[in-house]
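Q: input_3.cif is reproduced in full below (mmCIF, C-alpha atoms and all ligand atoms).
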data_data
loop_
_atom_site.label_atom_id
_atom_site.label_comp_id
_atom_site.auth_asym_id
_atom_site.auth_seq_id
_atom_site.Cartn_x
_atom_site.Cartn_y
_atom_site.Cartn_z
CA MET A 1 0.00 0.00 0.00
CA THR A 2 1.39 3.41 -0.92
CA PRO A 3 2.00 6.07 1.74
CA GLY A 4 -0.73 8.18 0.12
CA LYS A 5 -3.21 5.34 0.42
CA ARG A 6 -2.24 4.78 4.05
CA PHE A 7 -2.83 8.46 4.71
CA ARG A 8 -6.26 8.35 3.05
CA ASN A 9 -7.17 5.24 5.04
CA ALA A 10 -6.16 6.94 8.29
CA LEU A 11 -8.25 9.94 7.31
CA ALA A 12 -11.27 7.74 6.60
CA ALA A 13 -10.88 5.82 9.87
CA ASN A 14 -10.45 8.80 12.21
CA ASN A 15 -12.77 11.71 12.62
CA PRO A 16 -10.89 13.93 13.01
CA LEU A 17 -7.44 12.53 12.26
CA GLN A 18 -4.87 13.90 14.69
CA ILE A 19 -1.55 14.61 12.96
CA VAL A 20 1.39 15.15 15.29
CA GLY A 21 4.61 16.89 14.45
CA THR A 22 7.67 14.64 14.66
CA ILE A 23 10.85 16.65 14.42
CA ASN A 24 13.09 13.65 13.75
CA ALA A 25 13.11 9.90 13.15
CA TYR A 26 13.10 8.95 16.82
CA SER A 27 10.13 11.22 17.60
CA ALA A 28 8.28 9.54 14.74
CA MET A 29 8.99 6.13 16.29
CA MET A 30 7.63 7.30 19.62
CA ALA A 31 4.46 8.72 18.04
CA GLU A 32 3.93 5.46 16.17
CA GLN A 33 4.38 3.23 19.22
CA ILE A 34 2.17 5.47 21.35
CA GLY A 35 -0.61 4.85 18.84
CA HIS A 36 -0.80 7.87 16.55
CA GLN A 37 -2.06 7.27 13.03
CA ALA A 38 -0.34 10.06 11.10
CA ILE A 39 2.69 12.30 11.55
CA TYR A 40 3.91 15.64 10.26
CA LEU A 41 7.16 17.29 9.33
CA SER A 42 6.92 21.01 10.00
CA GLY A 43 8.66 23.48 7.71
CA GLY A 44 9.24 25.77 10.66
CA GLY A 45 10.54 22.76 12.57
CA VAL A 46 13.09 21.81 9.90
CA ALA A 47 14.30 25.41 9.72
CA ASN A 48 14.52 25.77 13.52
CA ALA A 49 15.75 22.35 14.60
CA SER A 50 17.87 21.16 11.68
CA TYR A 51 19.32 24.50 10.54
CA GLY A 52 18.94 26.95 13.44
CA LEU A 53 16.97 29.30 11.19
CA PRO A 54 13.66 31.13 11.55
CA ASP A 55 10.58 30.02 9.56
CA LEU A 56 11.07 32.58 6.79
CA GLY A 57 11.45 30.53 3.64
CA MET A 58 15.21 30.09 3.97
CA THR A 59 15.29 26.30 3.73
CA SER A 60 15.21 24.50 0.39
CA LEU A 61 13.62 21.34 -0.99
CA ASN A 62 16.79 19.36 -0.35
CA ASP A 63 17.03 20.58 3.24
CA VAL A 64 13.56 19.24 3.95
CA ILE A 65 13.98 16.01 1.94
CA VAL A 66 16.85 14.93 4.19
CA ASP A 67 14.56 14.98 7.21
CA VAL A 68 11.71 13.33 5.29
CA GLN A 69 13.95 10.41 4.32
CA ARG A 70 15.18 9.95 7.87
CA ILE A 71 11.63 9.82 9.20
CA THR A 72 10.14 7.57 6.52
CA SER A 73 13.05 5.14 6.91
CA ALA A 74 12.34 4.74 10.60
CA CYS A 75 8.55 4.83 10.75
CA GLN A 76 5.65 3.32 8.83
CA LEU A 77 3.07 5.99 9.65
CA PRO A 78 1.91 8.20 6.79
CA LEU A 79 3.87 11.46 6.87
CA MET A 80 2.50 14.85 5.86
CA VAL A 81 5.18 17.34 4.85
CA ASP A 82 5.10 21.13 4.89
CA ILE A 83 6.49 22.20 1.50
CA ASP A 84 5.97 25.93 2.17
CA THR A 85 5.34 27.58 -1.22
CA GLY A 86 6.69 24.61 -3.22
CA TRP A 87 10.08 26.25 -3.75
CA GLY A 88 9.70 27.94 -7.10
CA GLY A 89 7.70 27.95 -10.32
CA ALA A 90 5.76 25.14 -11.96
CA PHE A 91 8.79 22.99 -12.82
CA ASN A 92 10.22 23.35 -9.32
CA ILE A 93 6.88 22.48 -7.74
CA ALA A 94 6.55 19.40 -9.95
CA LYS A 95 10.02 18.30 -8.87
CA THR A 96 9.15 18.94 -5.24
CA VAL A 97 6.12 16.67 -5.46
CA ARG A 98 8.00 13.91 -7.26
CA ASP A 99 10.89 14.07 -4.80
CA MET A 100 8.52 14.02 -1.83
CA GLU A 101 6.77 10.96 -3.21
CA LYS A 102 10.10 9.21 -3.79
CA ALA A 103 11.23 10.07 -0.28
CA GLY A 104 8.17 8.24 1.08
CA ALA A 105 5.95 11.17 2.06
CA ALA A 106 2.20 10.52 2.01
CA ALA A 107 0.92 14.08 1.81
CA VAL A 108 2.11 17.65 1.41
CA HIS A 109 0.68 21.08 2.01
CA MET A 110 1.56 24.05 -0.13
CA GLU A 111 0.61 27.62 0.70
CA ASP A 112 -0.41 30.77 -1.16
CA GLN A 113 2.15 33.07 0.42
CA VAL A 114 4.88 34.78 -1.59
CA ALA A 115 8.20 32.93 -1.66
CA GLN A 116 9.54 35.18 1.10
CA LYS A 117 7.05 33.55 3.40
CA ARG A 118 6.43 33.95 7.11
CA CYS A 119 5.01 31.75 9.80
CA GLY A 120 1.25 31.67 9.28
CA HIS A 121 0.60 33.04 12.75
CA ARG A 122 2.77 36.16 12.38
CA PRO A 123 1.65 39.56 11.06
CA ASN A 124 2.32 41.10 7.62
CA LYS A 125 2.09 37.98 5.49
CA GLU A 126 1.85 38.60 1.76
CA ILE A 127 -0.04 36.32 -0.55
CA VAL A 128 0.03 35.65 -4.28
CA SER A 129 -3.01 35.99 -6.56
CA THR A 130 -5.59 33.21 -6.72
CA GLU A 131 -4.45 32.53 -10.32
CA GLU A 132 -0.85 32.05 -9.28
CA MET A 133 -1.80 29.64 -6.50
CA VAL A 134 -4.08 27.73 -8.87
CA ASP A 135 -1.11 27.35 -11.23
CA ARG A 136 1.04 26.11 -8.37
CA LEU A 137 -1.57 23.52 -7.47
CA LYS A 138 -2.06 22.33 -11.04
CA ALA A 139 1.68 21.81 -11.35
CA ALA A 140 1.67 19.80 -8.12
CA VAL A 141 -1.34 17.65 -9.00
CA ASP A 142 -0.03 16.94 -12.51
CA ALA A 143 3.31 15.81 -11.16
CA ARG A 144 2.19 13.14 -8.73
CA THR A 145 2.56 9.55 -9.88
CA ASP A 146 0.45 8.01 -7.12
CA PRO A 147 -3.12 9.33 -7.42
CA ASP A 148 -3.49 8.77 -3.66
CA PHE A 149 -0.60 11.10 -2.83
CA PHE A 150 -2.48 13.80 -0.91
CA ILE A 151 -1.98 17.40 -1.99
CA MET A 152 -3.40 19.96 0.37
CA ALA A 153 -3.71 23.65 -0.36
CA ARG A 154 -3.05 26.00 2.49
CA THR A 155 -4.47 29.46 2.35
CA ASP A 156 -2.95 32.22 4.41
CA SER A 157 -5.48 34.72 3.06
CA PHE A 158 -7.81 34.92 6.06
CA ALA A 159 -5.57 37.39 7.91
CA GLN A 160 -5.51 39.89 5.02
CA GLU A 161 -8.68 39.25 3.08
CA GLY A 162 -11.15 37.89 5.63
CA LEU A 163 -13.39 34.85 5.75
CA GLU A 164 -15.39 35.13 2.55
CA ALA A 165 -12.41 35.80 0.33
CA ALA A 166 -10.49 32.97 1.98
CA ILE A 167 -13.35 30.57 1.27
CA GLU A 168 -13.53 31.75 -2.36
CA ARG A 169 -9.83 31.05 -2.72
CA ALA A 170 -10.25 27.63 -1.12
CA LYS A 171 -12.98 26.79 -3.64
CA ALA A 172 -10.70 27.77 -6.52
CA TYR A 173 -7.91 25.64 -5.04
CA VAL A 174 -10.22 22.62 -4.80
CA SER A 175 -11.27 23.13 -8.44
CA ALA A 176 -7.57 23.12 -9.34
CA GLY A 177 -7.25 19.67 -7.77
CA ALA A 178 -6.43 20.21 -4.10
CA ASP A 179 -7.43 17.17 -2.03
CA GLY A 180 -7.87 19.13 1.17
CA ILE A 181 -7.80 22.66 2.58
CA PHE A 182 -5.65 24.04 5.36
CA ALA A 183 -7.22 27.31 6.44
CA GLU A 184 -4.36 28.99 8.25
CA ALA A 185 -4.87 31.07 11.39
CA ILE A 186 -8.66 31.03 11.41
CA LYS A 187 -9.91 31.49 14.91
CA THR A 188 -13.47 30.62 15.83
CA GLU A 189 -16.04 27.86 15.67
CA ALA A 190 -17.93 29.93 13.06
CA HIS A 191 -14.80 30.08 10.87
CA TYR A 192 -14.26 26.32 10.95
CA ARG A 193 -17.92 25.64 10.28
CA ALA A 194 -17.99 28.09 7.37
CA PHE A 195 -15.03 26.40 5.67
CA ALA A 196 -16.41 22.91 6.26
CA GLU A 197 -19.85 23.85 4.94
CA ALA A 198 -18.56 25.60 1.83
CA LEU A 199 -16.21 22.81 0.73
CA ASP A 200 -16.57 19.11 0.20
CA VAL A 201 -12.93 18.19 0.79
CA PRO A 202 -11.33 17.47 4.20
CA ILE A 203 -10.44 20.58 6.21
CA LEU A 204 -7.37 20.81 8.43
CA ALA A 205 -7.30 22.76 11.69
CA ASN A 206 -3.81 23.89 12.68
CA ILE A 207 -3.77 23.91 16.46
CA THR A 208 -0.34 25.39 17.01
CA GLU A 209 0.52 26.87 20.38
CA PHE A 210 1.22 30.54 21.10
CA GLY A 211 -0.42 31.57 17.82
CA GLN A 212 -3.79 32.92 16.69
CA THR A 213 -5.80 29.80 17.41
CA GLU A 214 -7.14 28.62 20.74
CA LEU A 215 -6.19 25.12 21.80
CA TRP A 216 -9.53 23.65 20.76
CA ASN A 217 -10.15 20.01 21.55
CA ALA A 218 -10.08 17.51 18.68
CA GLU A 219 -13.61 16.37 19.44
CA GLU A 220 -15.05 19.88 19.22
CA LEU A 221 -13.08 20.62 16.05
CA GLY A 222 -14.47 17.41 14.60
CA ASN A 223 -18.00 18.54 15.46
CA TRP A 224 -17.33 21.81 13.66
CA GLY A 225 -16.29 19.95 10.50
CA ALA A 226 -12.52 19.64 10.75
CA ALA A 227 -11.32 16.32 9.33
CA MET A 228 -7.71 16.75 10.44
CA VAL A 229 -6.17 18.41 13.48
CA LEU A 230 -2.51 19.35 13.27
CA TYR A 231 -0.13 19.74 16.21
CA PRO A 232 2.92 20.85 14.21
CA LEU A 233 5.44 21.77 16.86
CA SER A 234 3.90 20.69 20.17
CA ALA A 235 6.40 17.96 21.07
CA PHE A 236 9.29 20.03 19.70
CA ARG A 237 8.41 22.97 21.96
CA ALA A 238 8.19 20.63 24.96
CA MET A 239 11.53 18.98 24.10
CA ASN A 240 13.16 22.39 23.84
CA LYS A 241 11.91 23.51 27.22
CA ALA A 242 13.08 20.26 28.81
CA ALA A 243 16.52 20.58 27.20
CA GLU A 244 16.84 24.21 28.25
CA ASN A 245 16.14 23.21 31.83
CA VAL A 246 18.79 20.47 31.75
CA TYR A 247 21.45 22.78 30.29
CA ARG A 248 20.74 25.37 32.99
CA HIS A 249 20.89 22.87 35.85
CA ILE A 250 24.15 21.29 34.71
CA LEU A 251 25.77 24.71 34.60
CA LYS A 252 24.26 25.95 37.84
CA ASP A 253 24.40 22.80 40.03
CA GLY A 254 27.47 21.07 38.63
CA ASP A 255 25.41 17.90 38.14
CA GLN A 256 22.12 16.76 36.66
CA LYS A 257 20.57 15.21 39.79
CA ALA A 258 17.71 17.73 39.99
CA VAL A 259 16.56 17.02 36.45
CA VAL A 260 17.15 13.31 36.00
CA ASP A 261 13.45 12.69 36.71
CA THR A 262 12.57 14.77 33.65
CA MET A 263 14.59 12.49 31.39
CA GLN A 264 13.52 9.49 29.36
CA THR A 265 15.49 6.55 30.81
CA ARG A 266 17.99 4.43 28.91
CA MET A 267 15.53 1.52 29.06
CA GLU A 268 12.67 3.59 27.66
CA LEU A 269 14.93 4.78 24.85
CA TYR A 270 16.02 1.24 24.06
CA ASP A 271 12.44 -0.01 24.12
CA TYR A 272 11.34 2.49 21.48
CA LEU A 273 14.38 1.65 19.36
CA GLY A 274 13.92 -2.12 19.66
CA TYR A 275 17.49 -2.17 20.94
CA HIS A 276 17.26 -5.54 22.63
CA ASP A 277 16.20 -7.28 19.44
CA TYR A 278 19.27 -5.90 17.74
CA GLU A 279 21.46 -7.04 20.64
CA THR A 280 20.01 -10.57 20.63
CA LYS A 281 20.59 -10.80 16.90
CA LEU A 282 24.14 -9.56 17.29
CA ASP A 283 24.85 -12.11 20.06
CA GLN A 284 23.51 -14.89 17.83
CA LEU A 285 25.63 -13.84 14.89
CA PHE A 286 28.65 -13.61 17.15
CA ALA A 287 28.01 -17.09 18.60
CA GLU A 288 27.56 -18.56 15.12
CA GLY A 289 30.86 -17.03 14.09
CA LYS A 290 32.60 -18.56 17.07
CA ASN A 291 31.23 -22.03 16.40
CA LYS A 292 32.72 -22.16 12.93
C1 LIG B 301 2.37 24.70 10.51
C2 LIG B 301 3.55 25.57 10.26
O1 LIG B 301 3.54 25.98 8.92
C3 LIG B 301 4.85 24.77 10.46
O2 LIG B 301 5.82 25.07 9.76
O3 LIG B 301 4.87 23.92 11.35
C4 LIG B 301 3.62 26.78 11.21
C5 LIG B 301 3.47 26.43 12.66
C6 LIG B 301 3.88 27.51 13.67
O4 LIG B 301 4.76 28.34 13.38
O5 LIG B 301 3.36 27.48 14.78
C7 LIG B 301 2.58 27.80 10.77
O6 LIG B 301 1.43 27.72 11.22
O7 LIG B 301 2.92 28.66 9.94
MG MG B 302 5.25 25.94 7.88
#
Could I get this file's structure written as structure tokens?
A:
Amino acid sequence: MTPGKRFRNALAANNPLQIVGTINAYSAMMAEQIGHQAIYLSGGGVANASYGLPDLGMTSLNDVIVDVQRITSACQLPLMVDIDTGWGGAFNIAKTVRDMEKAGAAAVHMEDQVAQKRCGHRPNKEIVSTEEMVDRLKAAVDARTDPDFFIMARTDSFAQEGLEAAIERAKAYVSAGADGIFAEAIKTEAHYRAFAEALDVPILANITEFGQTELWNAEELGNWGAAMVLYPLSAFRAMNKAAENVYRHILKDGDQKAVVDTMQTRMELYDYLGYHDYETKLDQLFAEGKNK
């Protein structure tokens, strides 16, 4: 079964489908073993965590592909990838989609901001015309080889143009072939309901912390018509805070005793990695070698 098909199955089986951000391969393994059905690679996350950069369109296709490959090699869950604005014109976008498919991604979202993009929850975003975004989407849809590969259009237009215009754009994006709509930085129950009622494709709610959106519960978002709920950077933010605390204590206390309880143990780490299976296998191979 292709990754795209697995994503569509997860979407059909979960209402709404929770999609959790996994900043690296090991996080993806944890999410999988905890029981999540779909995972996400955040564009902001790649920029921040892998390159120490802000989420301002400074990372390239190849920068993101590296992290996609690491995650899809380690985890079977369908992965949605943030491809920002697709990284260029029609030919570049087509290449982005093909490369994402080859790297094992199941879904992507592409947005209607200008190439010099910003985080969707920050002020002063600029967007391209509806026509330009429609062209981007057509290039993406044409390029996929697996018809189940899921191509979602993200619109950042709500902040500048308001609800009605954003819905009009979303309709045009669906006509261009988008499989789903990511309405960025909408805020209220009425907004979610309006998008869900106007469109007959799955709608994604981006429940990112410290942004424009309240931390609505998945069940209520589902009742309002959201088919997917995204938590793009939640675990990453928590990991960062935990790491910050450890660095401070080591410097201040001269040891890590005060924070050891906040750490995942060696055994927990090994359990997620399947370490003991590897070790058993290695011991067997070693014993066989000796017997020769
Ligand atoms: C979803 C997002 O595009 C991302 O890159 O993870 C960000 C998330 C964030 O900055 O909180 C966005 O919403 O623009
Ligand atoms: Mg992003």
Q: Nearest to Phe182 of chain A: which of A:Thr155, A:Gln264, A:Gln160, A:Thr72 is it, counting only C-alpha atoms?
A: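 Closest to Phe182 of chain A, using only C-alpha atoms: A:Thr155.
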Q: Could you build a table of the residues in chain A lying no more than 8 Å from ligand LIG 301 (chain B), giving for each the nearest pair of atoms and their separation in Å rounded to one decimal place, using only C-alpha atoms and all ligand atoms, ordered by chain and ascending residue number, as CSV?
A:
residue,atom,partner,partner_atom,distance
A:Gly21,CA,B:LIG301,O3,7.7
A:Leu41,CA,B:LIG301,O3,7.3
A:Ser42,CA,B:LIG301,O3,3.8
A:Gly43,CA,B:LIG301,O2,3.8
A:Gly44,CA,B:LIG301,O2,3.6
A:Gly45,CA,B:LIG301,O3,5.9
A:Val46,CA,B:LIG301,O2,8.0
A:Asp55,CA,B:LIG301,O2,6.9
A:Asp82,CA,B:LIG301,O2,6.3
A:Asp84,CA,B:LIG301,O1,7.2
A:Arg118,CA,B:LIG301,O7,7.0
A:Cys119,CA,B:LIG301,O7,3.7
A:Gly120,CA,B:LIG301,O7,3.5
A:His121,CA,B:LIG301,O6,5.6
A:Arg122,CA,B:LIG301,O7,7.9
A:Glu184,CA,B:LIG301,O6,6.6
A:Ala185,CA,B:LIG301,O6,7.1
A:Asn206,CA,B:LIG301,C1,6.6
A:Thr208,CA,B:LIG301,O5,4.8
A:Glu209,CA,B:LIG301,O5,6.3
A:Phe210,CA,B:LIG301,O5,7.3
A:Gly211,CA,B:LIG301,O5,6.3
A:Leu230,CA,B:LIG301,C1,7.7
A:Tyr231,CA,B:LIG301,C1,8.0
A:Pro232,CA,B:LIG301,O3,4.6
A:Leu233,CA,B:LIG301,O3,5.9
Q: Quick one: residues within 12 Å of Gln116 of chain A, all atoms listed in the file counted, chain neighbours fewer than 4 positions away excluded, as a PyMOL selection string?
A: chain A and resi 54-59+84-88+111-112+124-128
Q: Quick one: of A:Ile19, A:Ile207, A:Met110, A:Ala12, who's nearest to ligand MG 302 (chain B), counting all atoms listed in the file?
A: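 Nearest candidate to ligand MG 302 (chain B) out of A:Ile19, A:Ile207, A:Met110, A:Ala12: A:Met110.
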Q: I'd like to know which of A:Met1, A:Cys75, A:Leu215, A:Val174 is closest to Phe149 of chain A, using all atoms listed in the file.
A: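 The answer is A:Met1, which sits nearest to Phe149 of chain A.
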